[in-house]
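Next comes my_file.tsv, with TSV, C-alpha atoms.
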```tsv
chain	number	residue	atom	x	y	z
A	258	MET	CA	-128.28	172.77	23.25
A	259	LEU	CA	-125.90	171.65	26.05
A	260	HIS	CA	-125.28	175.31	26.83
A	261	ASN	CA	-128.87	175.57	28.09
A	262	PRO	CA	-128.69	175.86	31.93
A	263	ILE	CA	-131.76	173.65	32.45
A	264	ILE	CA	-130.20	170.82	30.46
A	265	LYS	CA	-126.88	171.18	32.27
A	266	SER	CA	-128.69	170.98	35.60
A	267	LEU	CA	-130.66	167.93	34.54
A	268	LEU	CA	-127.48	166.21	33.35
A	269	LEU	CA	-126.07	166.60	36.86
A	270	ILE	CA	-129.16	164.85	38.22
A	271	VAL	CA	-128.66	161.94	35.82
A	272	MET	CA	-125.00	161.67	36.88
A	273	LEU	CA	-126.02	161.73	40.53
A	274	ALA	CA	-128.53	158.93	39.90
A	275	VAL	CA	-125.76	156.68	38.63
A	276	SER	CA	-123.53	157.36	41.62
A	277	ILE	CA	-126.08	156.64	44.36
A	278	SER	CA	-125.27	153.55	46.39
A	279	ALA	CA	-127.77	150.74	46.88
A	280	ALA	CA	-126.65	150.23	50.49
A	281	GLY	CA	-129.44	150.48	53.09
A	282	PHE	CA	-132.99	151.56	52.32
A	283	THR	CA	-134.08	155.17	52.64
A	284	VAL	CA	-137.60	156.39	51.93
A	285	VAL	CA	-137.98	160.11	51.25
A	286	ILE	CA	-141.48	161.24	52.21
A	287	ASP	CA	-142.55	164.52	50.63
A	288	PRO	CA	-145.80	166.05	51.96
A	289	GLY	CA	-146.75	168.45	49.16
A	290	HIS	CA	-147.25	172.20	49.77
A	291	GLY	CA	-146.98	173.71	53.29
A	292	GLY	CA	-146.64	177.05	55.05
A	293	LYS	CA	-147.83	179.92	52.84
A	294	ASP	CA	-148.76	177.38	50.15
A	295	ALA	CA	-152.01	175.71	51.24
A	296	GLY	CA	-152.43	173.73	48.04
A	297	ALA	CA	-155.95	172.76	46.96
A	298	LEU	CA	-158.78	173.88	49.23
A	299	GLY	CA	-161.70	171.86	50.56
A	300	ASN	CA	-164.77	173.06	52.44
A	301	PHE	CA	-163.13	172.88	55.87
A	302	THR	CA	-159.51	171.84	55.40
A	303	ASN	CA	-156.71	172.15	52.86
A	304	GLU	CA	-154.32	169.99	50.93
A	305	LYS	CA	-151.17	170.82	52.89
A	306	SER	CA	-152.78	169.53	56.12
A	307	VAL	CA	-154.01	166.29	54.56
A	308	ASN	CA	-150.63	165.64	52.92
A	309	LEU	CA	-148.74	166.16	56.17
A	310	GLY	CA	-151.16	164.01	58.18
A	311	VAL	CA	-150.77	161.06	55.81
A	312	ALA	CA	-147.00	161.55	55.62
A	313	LEU	CA	-146.58	161.47	59.40
A	314	GLN	CA	-148.73	158.36	59.65
A	315	LEU	CA	-146.55	156.71	57.01
A	316	GLY	CA	-143.43	157.64	58.96
A	317	ARG	CA	-144.85	155.97	62.09
A	318	LEU	CA	-145.67	152.81	60.15
A	319	LEU	CA	-142.15	152.63	58.73
A	320	LYS	CA	-140.57	153.14	62.15
A	321	LYS	CA	-142.71	150.42	63.71
A	322	GLY	CA	-142.93	147.85	60.94
A	323	MET	CA	-139.75	148.36	58.92
A	324	PRO	CA	-136.96	149.14	61.40
A	325	ASP	CA	-134.23	148.60	58.79
A	326	ALA	CA	-135.64	151.45	56.71
A	327	LYS	CA	-134.87	155.12	57.24
A	328	ALA	CA	-137.56	157.77	56.69
A	329	ILE	CA	-136.51	161.25	55.57
A	330	PHE	CA	-139.13	164.03	55.47
A	331	THR	CA	-138.90	167.04	53.20
A	332	ARG	CA	-141.06	168.68	55.88
A	333	ASP	CA	-142.54	167.31	59.11
A	334	LYS	CA	-144.48	170.43	60.08
A	335	ASP	CA	-146.39	173.26	58.44
A	336	VAL	CA	-143.54	175.06	56.69
A	337	PHE	CA	-142.92	176.14	53.09
A	338	VAL	CA	-140.27	174.16	51.19
A	339	THR	CA	-139.38	174.97	47.59
A	340	LEU	CA	-139.66	172.32	44.90
A	341	GLN	CA	-135.91	172.48	44.38
A	342	GLY	CA	-135.42	172.25	48.14
A	343	ARG	CA	-137.47	169.05	48.24
A	344	ALA	CA	-135.39	167.52	45.47
A	345	ASP	CA	-132.18	168.61	47.21
A	346	ILE	CA	-133.23	166.91	50.47
A	347	ALA	CA	-134.01	163.71	48.59
A	348	ASN	CA	-130.76	163.68	46.63
A	349	LYS	CA	-128.55	164.54	49.60
A	350	SER	CA	-130.11	161.69	51.58
A	351	LYS	CA	-129.30	159.31	48.69
A	352	GLY	CA	-132.84	157.97	48.97
A	353	ASP	CA	-133.94	154.67	47.50
A	354	LEU	CA	-137.51	155.84	47.02
A	355	PHE	CA	-139.15	159.27	46.74
A	356	ILE	CA	-142.88	159.60	47.52
A	357	SER	CA	-144.57	162.96	47.03
A	358	ILE	CA	-148.01	163.04	48.68
A	359	HIS	CA	-150.79	165.27	47.33
A	360	ALA	CA	-154.57	165.68	47.12
A	361	ASN	CA	-156.30	166.40	43.84
A	362	SER	CA	-158.94	168.98	42.89
A	363	VAL	CA	-160.79	170.53	39.95
A	364	PRO	CA	-161.70	174.20	39.30
A	365	LYS	CA	-164.53	175.78	41.30
A	366	ASN	CA	-166.65	176.19	38.20
A	367	SER	CA	-166.44	172.50	37.30
A	368	PRO	CA	-169.83	170.73	37.41
A	369	ARG	CA	-167.98	167.67	38.75
A	370	ARG	CA	-166.43	169.50	41.69
A	371	ASN	CA	-168.60	167.83	44.35
A	372	SER	CA	-168.71	164.40	42.71
A	373	VAL	CA	-165.30	163.75	41.16
A	374	SER	CA	-163.30	161.12	43.07
A	375	GLY	CA	-160.49	158.62	42.84
A	376	ALA	CA	-156.78	158.13	43.45
A	377	SER	CA	-153.98	158.32	40.88
A	378	VAL	CA	-150.25	157.70	41.11
A	379	TYR	CA	-147.92	159.54	38.74
A	380	THR	CA	-144.48	158.75	37.41
A	381	LEU	CA	-142.34	160.85	35.14
A	382	GLY	CA	-143.01	160.11	31.49
A	383	LEU	CA	-143.83	161.22	27.99
A	384	GLU	CA	-147.60	160.92	28.27
A	385	ARG	CA	-148.55	164.57	27.84
A	386	SER	CA	-152.35	164.34	27.90
A	387	ALA	CA	-154.06	167.69	28.45
A	388	THR	CA	-155.40	166.61	31.86
A	389	ASN	CA	-152.09	165.25	33.16
A	390	LEU	CA	-150.18	168.30	31.95
A	391	GLU	CA	-152.62	170.69	33.62
A	392	ILE	CA	-152.25	168.85	36.93
A	393	ALA	CA	-148.46	169.02	36.60
A	394	LYS	CA	-148.63	172.74	35.80
A	395	ARG	CA	-150.79	173.35	38.88
A	396	GLU	CA	-148.43	171.49	41.22
A	397	ASN	CA	-145.30	173.01	39.63
A	398	ALA	CA	-146.75	176.55	39.84
A	399	VAL	CA	-145.82	176.67	43.53
A	400	ILE	CA	-142.38	177.92	42.44
A	401	MET	CA	-143.98	181.26	41.61
A	402	LEU	CA	-144.40	181.83	45.36
A	403	GLU	CA	-140.62	181.97	45.67
A	404	LYS	CA	-138.53	185.09	45.40
A	405	ASP	CA	-136.58	185.37	42.15
A	406	TYR	CA	-137.83	181.98	41.02
A	407	SER	CA	-136.75	182.59	37.42
A	408	THR	CA	-133.12	182.63	38.56
A	409	THR	CA	-133.42	179.65	40.89
A	410	TYR	CA	-135.11	177.52	38.25
A	411	LYS	CA	-132.95	178.82	35.40
A	412	GLY	CA	-135.72	179.97	33.08
A	413	PHE	CA	-138.18	177.15	33.73
A	414	ASP	CA	-141.75	178.46	33.38
A	415	PRO	CA	-144.33	176.14	35.02
A	416	ASN	CA	-147.10	177.57	32.84
A	417	SER	CA	-145.29	177.10	29.53
A	418	THR	CA	-145.81	173.89	27.57
A	419	GLU	CA	-142.47	174.51	25.87
A	420	SER	CA	-140.65	174.25	29.20
A	421	TYR	CA	-141.78	170.64	29.47
A	422	ILE	CA	-140.45	169.55	26.10
A	423	MET	CA	-136.88	169.34	27.47
A	424	PHE	CA	-138.09	167.01	30.22
A	425	GLU	CA	-138.70	164.38	27.54
A	426	MET	CA	-134.93	164.11	27.08
A	427	PHE	CA	-134.40	163.28	30.72
A	428	GLN	CA	-136.89	160.63	31.76
A	429	SER	CA	-135.71	159.13	34.99
A	430	SER	CA	-133.15	156.36	34.63
A	431	HIS	CA	-135.24	154.72	37.36
A	432	LEU	CA	-138.48	154.85	35.38
A	433	ASP	CA	-139.01	151.09	35.29
A	434	ARG	CA	-138.89	150.77	39.07
A	435	SER	CA	-140.92	153.94	39.50
A	436	ILE	CA	-143.71	152.38	37.44
A	437	LYS	CA	-143.58	149.15	39.45
A	438	PHE	CA	-143.86	151.06	42.71
A	439	ALA	CA	-146.59	153.32	41.34
A	440	SER	CA	-148.61	150.26	40.31
A	441	ALA	CA	-148.24	148.75	43.78
A	442	VAL	CA	-149.37	152.01	45.45
A	443	GLN	CA	-152.35	152.33	43.11
A	444	LYS	CA	-153.51	148.77	43.86
A	445	GLU	CA	-153.21	149.38	47.60
A	446	LEU	CA	-155.09	152.68	47.50
A	447	VAL	CA	-157.98	150.78	45.94
A	448	SER	CA	-157.87	147.62	48.09
A	449	THR	CA	-156.73	149.05	51.44
A	450	ALA	CA	-158.07	152.61	51.40
A	451	GLY	CA	-161.13	151.94	49.26
A	452	ARG	CA	-160.36	154.63	46.70
A	453	LYS	CA	-161.77	154.67	43.18
A	454	ASN	CA	-159.11	153.50	40.73
A	455	ASN	CA	-158.07	156.35	38.43
A	456	GLY	CA	-154.93	154.49	37.38
A	457	VAL	CA	-151.19	154.98	37.07
A	458	ARG	CA	-150.38	158.03	34.94
A	459	GLN	CA	-147.42	159.97	33.63
A	460	ALA	CA	-146.77	163.70	33.90
A	461	PRO	CA	-143.75	166.06	34.12
A	462	PHE	CA	-143.85	167.02	37.80
A	463	TYR	CA	-140.76	169.03	38.70
A	464	VAL	CA	-139.92	166.98	41.81
A	465	LEU	CA	-139.99	163.77	39.75
A	466	VAL	CA	-137.61	165.22	37.17
A	467	ARG	CA	-135.12	166.44	39.76
A	468	THR	CA	-134.94	163.45	42.12
A	469	ALA	CA	-132.24	160.88	41.37
A	470	MET	CA	-134.10	157.76	42.51
A	471	PRO	CA	-137.32	155.86	41.77
A	472	SER	CA	-139.99	158.52	42.34
A	473	VAL	CA	-143.77	158.83	42.35
A	474	LEU	CA	-146.35	161.50	43.07
A	475	VAL	CA	-149.53	160.26	44.76
A	476	GLU	CA	-152.86	162.05	44.34
A	477	LEU	CA	-154.79	160.52	47.27
A	478	ASP	CA	-158.26	161.66	46.18
A	479	PHE	CA	-160.19	164.85	45.40
A	480	ILE	CA	-160.35	167.28	48.31
A	481	CYS	CA	-163.02	169.34	46.49
A	482	ASN	CA	-165.45	166.43	46.93
A	483	PRO	CA	-166.99	166.81	50.44
A	484	THR	CA	-167.21	163.04	50.98
A	485	GLN	CA	-163.57	162.43	50.01
A	486	GLU	CA	-162.43	165.50	51.95
A	487	LYS	CA	-164.04	164.13	55.11
A	488	PHE	CA	-162.29	160.79	54.62
A	489	MET	CA	-158.86	162.31	53.94
A	490	ALA	CA	-159.13	164.71	56.88
A	491	SER	CA	-160.08	161.97	59.36
A	492	GLU	CA	-157.52	160.06	61.41
A	493	ASP	CA	-158.94	156.75	60.19
A	494	GLY	CA	-158.76	157.86	56.58
A	495	GLN	CA	-155.19	159.07	56.91
A	496	LYS	CA	-154.17	155.80	58.55
A	497	LYS	CA	-155.68	153.79	55.69
A	498	LEU	CA	-154.03	155.98	53.06
A	499	ALA	CA	-150.67	155.72	54.84
A	500	MET	CA	-151.09	151.96	55.21
A	501	SER	CA	-151.69	151.74	51.46
A	502	ILE	CA	-148.35	153.38	50.74
A	503	TYR	CA	-146.60	151.35	53.44
A	504	ASN	CA	-147.92	148.07	51.99
A	505	ALA	CA	-146.76	149.19	48.55
A	506	ILE	CA	-143.25	149.83	49.90
A	507	ASN	CA	-143.23	146.23	51.17
A	508	ARG	CA	-144.31	145.05	47.74
A	509	TYR	CA	-141.69	147.19	46.05
A	510	ARG	CA	-138.92	145.90	48.29
A	511	GLY	CA	-139.95	142.38	47.35
A	512	ILE	CA	-139.58	143.33	43.69
A	513	THR	CA	-136.13	144.84	44.16
A	514	ASP	CA	-135.01	141.75	46.06
A	515	ASN	CA	-136.13	139.59	43.11
A	516	ALA	CA	-139.02	138.22	45.16
A	517	THR	CA	-142.61	137.87	44.01
A	518	LEU	CA	-144.62	140.94	43.10
A	519	PHE	CA	-146.74	140.80	46.22
A	520	PRO	CA	-144.53	139.00	48.78
A	521	HIS	CA	-146.51	140.06	51.86
A	522	GLU	CA	-149.76	138.36	50.83
A	523	ASP	CA	-150.62	135.28	52.93
A	524	HIS	CA	-152.00	132.38	50.90
A	525	SER	CA	-151.41	129.75	53.60
A	526	SER	CA	-155.11	129.37	54.44
A	527	LYS	CA	-156.15	128.86	50.81
A	528	ASP	CA	-156.65	125.47	49.17
A	529	THR	CA	-154.02	125.39	46.42
A	530	SER	CA	-154.51	121.78	45.33
A	531	SER	CA	-156.66	122.71	42.32
A	532	VAL	CA	-154.17	125.40	41.37
A	533	LYS	CA	-151.28	122.93	41.48
A	534	THR	CA	-153.24	120.44	39.40
A	535	ALA	CA	-153.92	123.11	36.78
A	536	GLU	CA	-150.26	124.12	36.81
A	537	ASN	CA	-149.12	120.52	36.31
A	538	LYS	CA	-151.58	120.11	33.43
A	539	THR	CA	-150.27	123.29	31.83
A	540	ARG	CA	-146.68	122.08	32.15
A	541	LEU	CA	-147.60	118.79	30.45
A	542	GLU	CA	-149.36	120.63	27.64
A	543	LYS	CA	-146.38	122.94	27.18
A	544	SER	CA	-143.97	120.01	27.08
A	545	THR	CA	-145.48	118.94	23.75
A	546	THR	CA	-144.71	122.33	22.17
A	547	VAL	CA	-141.40	123.69	20.91
A	548	VAL	CA	-139.77	125.98	23.49
A	549	ASP	CA	-137.04	128.42	22.53
A	550	ASN	CA	-134.83	128.95	25.58
A	551	THR	CA	-132.50	131.31	23.75
A	552	LEU	CA	-131.77	134.52	25.67
A	553	TYR	CA	-132.48	137.60	23.58
A	554	TYR	CA	-131.79	141.28	24.19
A	555	ARG	CA	-134.12	144.15	23.34
A	556	ILE	CA	-133.90	147.92	23.75
A	557	GLN	CA	-136.70	149.37	25.90
A	558	PHE	CA	-137.06	153.04	25.01
A	559	LEU	CA	-140.52	154.30	25.93
A	560	THR	CA	-143.54	153.67	28.17
A	561	SER	CA	-147.13	154.80	27.92
A	562	THR	CA	-150.37	154.23	29.79
A	563	LYS	CA	-152.08	153.40	26.49
A	564	THR	CA	-151.16	151.81	23.16
A	565	LEU	CA	-149.67	154.29	20.70
A	566	LYS	CA	-150.24	154.21	16.96
A	567	GLY	CA	-147.21	153.65	14.77
A	568	SER	CA	-147.53	157.22	13.50
A	569	ASP	CA	-147.50	158.74	16.98
A	570	GLN	CA	-144.84	161.47	17.15
A	571	ARG	CA	-143.66	160.21	20.54
A	572	LEU	CA	-142.20	157.17	18.78
A	573	LYS	CA	-140.06	159.57	16.72
A	574	GLY	CA	-140.39	157.45	13.59
A	575	LEU	CA	-138.45	154.50	15.06
A	576	LYS	CA	-139.14	151.22	13.22
A	577	PRO	CA	-139.58	148.31	13.60
A	578	ILE	CA	-140.79	148.30	17.19
A	579	ASP	CA	-142.58	145.90	19.51
A	580	SER	CA	-144.41	146.35	22.80
A	581	TYR	CA	-145.50	144.43	25.87
A	582	ARG	CA	-147.75	145.26	28.80
A	583	GLU	CA	-146.55	145.11	32.40
A	584	ASP	CA	-148.14	146.52	35.57
A	585	GLY	CA	-150.78	148.25	33.45
A	586	ILE	CA	-148.14	150.11	31.41
A	587	VAL	CA	-147.36	149.57	27.72
A	588	LYS	CA	-143.59	149.32	27.20
A	589	TYR	CA	-142.01	149.77	23.78
A	590	THR	CA	-138.92	147.92	22.56
A	591	TYR	CA	-136.63	147.85	19.55
A	592	GLY	CA	-134.62	144.91	18.23
A	593	ASN	CA	-134.38	141.26	19.27
A	594	THR	CA	-130.85	139.87	19.20
A	595	SER	CA	-129.04	137.05	21.01
A	596	SER	CA	-125.81	139.06	20.85
A	597	LEU	CA	-125.18	141.40	23.79
A	598	THR	CA	-122.53	143.18	21.71
A	599	GLU	CA	-125.10	143.89	18.98
A	600	ALA	CA	-127.64	145.00	21.58
A	601	LYS	CA	-125.13	147.49	23.00
A	602	ARG	CA	-124.50	148.82	19.50
A	603	GLN	CA	-128.23	149.24	18.96
A	604	LEU	CA	-128.55	150.93	22.33
A	605	SER	CA	-125.96	153.56	21.43
A	606	GLU	CA	-128.01	154.42	18.33
A	607	ILE	CA	-131.39	154.42	20.08
A	608	LYS	CA	-130.06	156.71	22.82
A	609	LYS	CA	-129.64	159.43	20.20
A	610	LEU	CA	-133.45	159.52	20.02
A	611	PHE	CA	-134.31	158.27	23.51
A	612	PRO	CA	-131.55	159.02	26.07
A	613	GLN	CA	-133.44	157.02	28.72
A	614	ALA	CA	-133.33	153.74	26.71
A	615	PHE	CA	-131.85	150.60	28.26
A	616	ILE	CA	-131.35	146.89	27.49
A	617	ILE	CA	-133.77	144.24	28.72
A	618	LYS	CA	-133.56	140.43	28.57
A	619	TRP	CA	-136.18	138.38	26.74
A	620	ARG	CA	-136.90	134.65	26.67
A	621	ASN	CA	-139.86	132.55	25.54
A	622	GLY	CA	-142.02	135.55	24.74
A	623	LYS	CA	-141.58	137.39	28.01
A	624	ARG	CA	-139.18	139.71	29.79
A	625	ILE	CA	-136.90	138.13	32.39
A	626	LYS	CA	-135.14	139.93	35.23
```
Would you mind writing the file's structure down as structure tokens?
Amino acid sequence: MLHNPIIKSLLLIVMLAVSISAAGFTVVIDPGHGGKDAGALGNFTNEKSVNLGVALQLGRLLKKGMPDAKAIFTRDKDVFVTLQGRADIANKSKGDLFISIHANSVPKNSPRRNSVSGASVYTLGLERSATNLEIAKRENAVIMLEKDYSTTYKGFDPNSTESYIMFEMFQSSHLDRSIKFASAVQKELVSTAGRKNNGVRQAPFYVLVRTAMPSVLVELDFICNPTQEKFMASEDGQKKLAMSIYNAINRYRGITDNATLFPHEDHSSKDTSSVKTAENKTRLEKSTTVVDNTLYYRIQFLTSTKTLKGSDQRLKGLKPIDSYREDGIVKYTYGNTSSLTEAKRQLSEIKKLFPQAFIIKWRNGKRIK
């Protein structure tokens, strides 16, 4: 199988991911579509214009409010950039975060075309629901606008379900952080931009597979809905959408610096006395129970937006397994040992089934970082 050119190419991406330095902070902003590729169409505007407008607003916010961060655009004007070209720009910049900005839509014959609404944020993953896969196919199909795309993409067919099976072997090594950032963006799109919450999802978007950094694809809302189109096309709407992503970057940076999940929130004006009293009471109650402070190691090997049955083929027959929920995502683990040596041995075995698996730390019934 290693002779397959797609797999060889993906292996290079994995190797590049490992080599990228953590120095500095670079945000790669990817306004989807552009030039001859208009993307989804609304009644009076198109997706490529909305994506670019929000991306440029985000760039201004980063320049003004986060001077230590560097913004790299895959395009900053109405030009066509290939999917591979976008990934190349991101990887060459050694970005710390890749954000692909899009607007959603449904077919013209859909009875929900004028009423469907809501924002979703996607990460790479194994959740191949019919809806998510169709959205990925639609976004990936842009490669067919390129000359000799079959050579450039080494046999990858965006309309073939089989082409996506190999992507399962190469989930991003940054998946955990991608999910954390995606969750932060989703929360902000709801609270700051007032979007309906369609949740964090997983799908095999080409740009997420090929970028060697934490990566998400944002579907801002449905451009086919006249009300949402008007909002996304307006300057005020684009500012709110950009602010949502900007706030999420602040949250994400707090996470990566081992700070709280939402470090930018101001609680100084709130009365916390009752909260402290409740916390003290809880501590006293806990002090009467037996606490196991032993550090354990588990192998995290899979994530899903919903709980999977033990017979689900995505679990590949692995037993026994456990799971925990974090940031709205169900995360599956194997093993529970206090020996790091044993955990590493288990990891080498699990990687034969799940190459993206990694070791996590566990204490008192919860993951620690």
Notebook entry, point to check: When you draw a straight line from atom CA of Val475 of chain A to atom CA of Asn348 of chain A, how long is it in Å?
Noted result: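 Straight-line distance from atom CA of Val475 of chain A to atom CA of Asn348 of chain A works out to 19.2 Å.
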Next item on the list: Around the point (-147.5, 161.4, 39.6), in the coordinates given by the file, pick out the residues reaching within 7 Å, counting only C-alpha atoms, and return them as a PyMOL selection string.
Entry: chain A and resi 378-381+458-460+462+473-475
Next item on the list: Would you mind telling me which residue in A:Asn454, A:Thr468, A:Thr339, A:Ser491 lies nearest to Glu403 of chain A when using only C-alpha atoms?
Entry: A:Thr339
Next item on the list: For segment 299-305 of chain A, list every protein, DNA or RNA residue within 6 Å, evaluated using all atoms listed in the file, and leave out those in the same chain fewer than 6 positions away; present the list as number ranges by chain.
Entry: A: 290-291, 360, 480-481
Take the residues from that selection and write them out as an mmCIF file, keeping the file's coordinate frame, keeping C-alpha atoms.
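result.cif, written as the output of this step:
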```cif
data_model
loop_
_atom_site.group_PDB
_atom_site.id
_atom_site.type_symbol
_atom_site.label_atom_id
_atom_site.label_comp_id
_atom_site.auth_asym_id
_atom_site.auth_seq_id
_atom_site.Cartn_x
_atom_site.Cartn_y
_atom_site.Cartn_z
ATOM 1 C CA HIS A 290 -147.250 172.200 49.770
ATOM 2 C CA GLY A 291 -146.980 173.710 53.290
ATOM 3 C CA ALA A 360 -154.570 165.680 47.120
ATOM 4 C CA ILE A 480 -160.350 167.280 48.310
ATOM 5 C CA CYS A 481 -163.020 169.340 46.490
#
```
Item checked: One-decimal distance in Å that lies between atom CA of Ser472 of chain A and atom CA of Ser501 of chain A ->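 Computing the Euclidean distance for atom CA of Ser501 of chain A and atom CA of Ser472 of chain A yields 16.3 Å.
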Notebook entry, point to check: What does the distance between atom CA of Asp433 of chain A and atom CA of Lys453 of chain A come to in Å, to one decimal place?
Noted result: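 Separation of atom CA of Asp433 of chain A and atom CA of Lys453 of chain A: 24.4 Å.
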Note to self: Env of Thr283 of chain A: 12 Å cut, atoms = all atoms listed in the file, seq-sep filter 3 positions within chain, self excluded. Answer as number ranges by chain.
What the structure shows: A: 277-280, 286, 316, 319-320, 323-330, 346-356, 470-471, 506, 510
Checklist line | Distance criterion (only C-alpha atoms): nearest to Ser561 of chain A out of A:Leu610, A:Val457, A:Ile616, A:Val307 | finding: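 Using only C-alpha atoms, the shortest distance to Ser561 of chain A belongs to A:Val457.
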Show me the residues around (-151.2, 150.9, 52.5) - criterion: an atom at most 6 Å away, only C-alpha atoms counted - as a short mmCIF file (atom, residue, chain, number, x, y, z; two decimals) with C-alpha atoms, in the frame of the given file.
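Result went into out-v5.cif, see below:
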```cif
data_model
loop_
_atom_site.label_atom_id
_atom_site.label_comp_id
_atom_site.auth_asym_id
_atom_site.auth_seq_id
_atom_site.Cartn_x
_atom_site.Cartn_y
_atom_site.Cartn_z
CA GLU A 445 -153.21 149.38 47.60
CA THR A 449 -156.73 149.05 51.44
CA LEU A 498 -154.03 155.98 53.06
CA ALA A 499 -150.67 155.72 54.84
CA MET A 500 -151.09 151.96 55.21
CA SER A 501 -151.69 151.74 51.46
CA ILE A 502 -148.35 153.38 50.74
CA TYR A 503 -146.60 151.35 53.44
CA ASN A 504 -147.92 148.07 51.99
#
```
What are the closest atom pairs, with distances in Å to one decimal, for all residues of segment 414-498 of chain A lying within 8 Å of segment 580-598 of chain A? Consider all atoms listed in the file, order rows by chain and residue number, and present the result as CSV.
```
residue,atom,partner,partner_atom,distance
A:Ile436,CA,A:Asp584,CA,7.6
A:Lys437,CA,A:Asp584,CA,6.5
A:Ser440,CA,A:Asp584,CA,6.1
A:Val457,CA,A:Gly585,CA,7.7
```
Spatial neighbours of Asp335 of chain A, 10 Å, all atoms listed in the file, chain gap at least 5 places, as a PDB file with C-alpha atoms, keeping the file's coordinate frame:
```pdb
ATOM      1  CA  PRO A 288    -145.800 166.050  51.960  1.00  0.00           C
ATOM      2  CA  HIS A 290    -147.250 172.200  49.770  1.00  0.00           C
ATOM      3  CA  GLY A 291    -146.980 173.710  53.290  1.00  0.00           C
ATOM      4  CA  GLY A 292    -146.640 177.050  55.050  1.00  0.00           C
ATOM      5  CA  LYS A 293    -147.830 179.920  52.840  1.00  0.00           C
ATOM      6  CA  ASP A 294    -148.760 177.380  50.150  1.00  0.00           C
ATOM      7  CA  ALA A 295    -152.010 175.710  51.240  1.00  0.00           C
ATOM      8  CA  LYS A 305    -151.170 170.820  52.890  1.00  0.00           C
ATOM      9  CA  SER A 306    -152.780 169.530  56.120  1.00  0.00           C
ATOM     10  CA  LEU A 309    -148.740 166.160  56.170  1.00  0.00           C
TER      11      LEU A 309
END
```
Margin query: What's around Asn371 of chain A at 10 Å? Count all atoms listed in the file, leave out sequence neighbours fewer than 6 positions away in its own chain, and write the answer as a list in words.
Written below: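 Listing them by chain and then by number gives Ser362, Val363, Lys365, Phe479, Ile480, Cys481, Asn482, Pro483, Thr484 and Gln485 of chain A.
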Could you give me the axis-aligned bounding box of segment 324-339 of chain A, with 3 Å of padding per side, as centre plus edge lengths in Å to one decimal, as JSON?
```
{"center_x": -140.3, "center_y": 162.4, "center_z": 54.5, "size_x": 18.2, "size_y": 33.5, "size_z": 19.8}
```
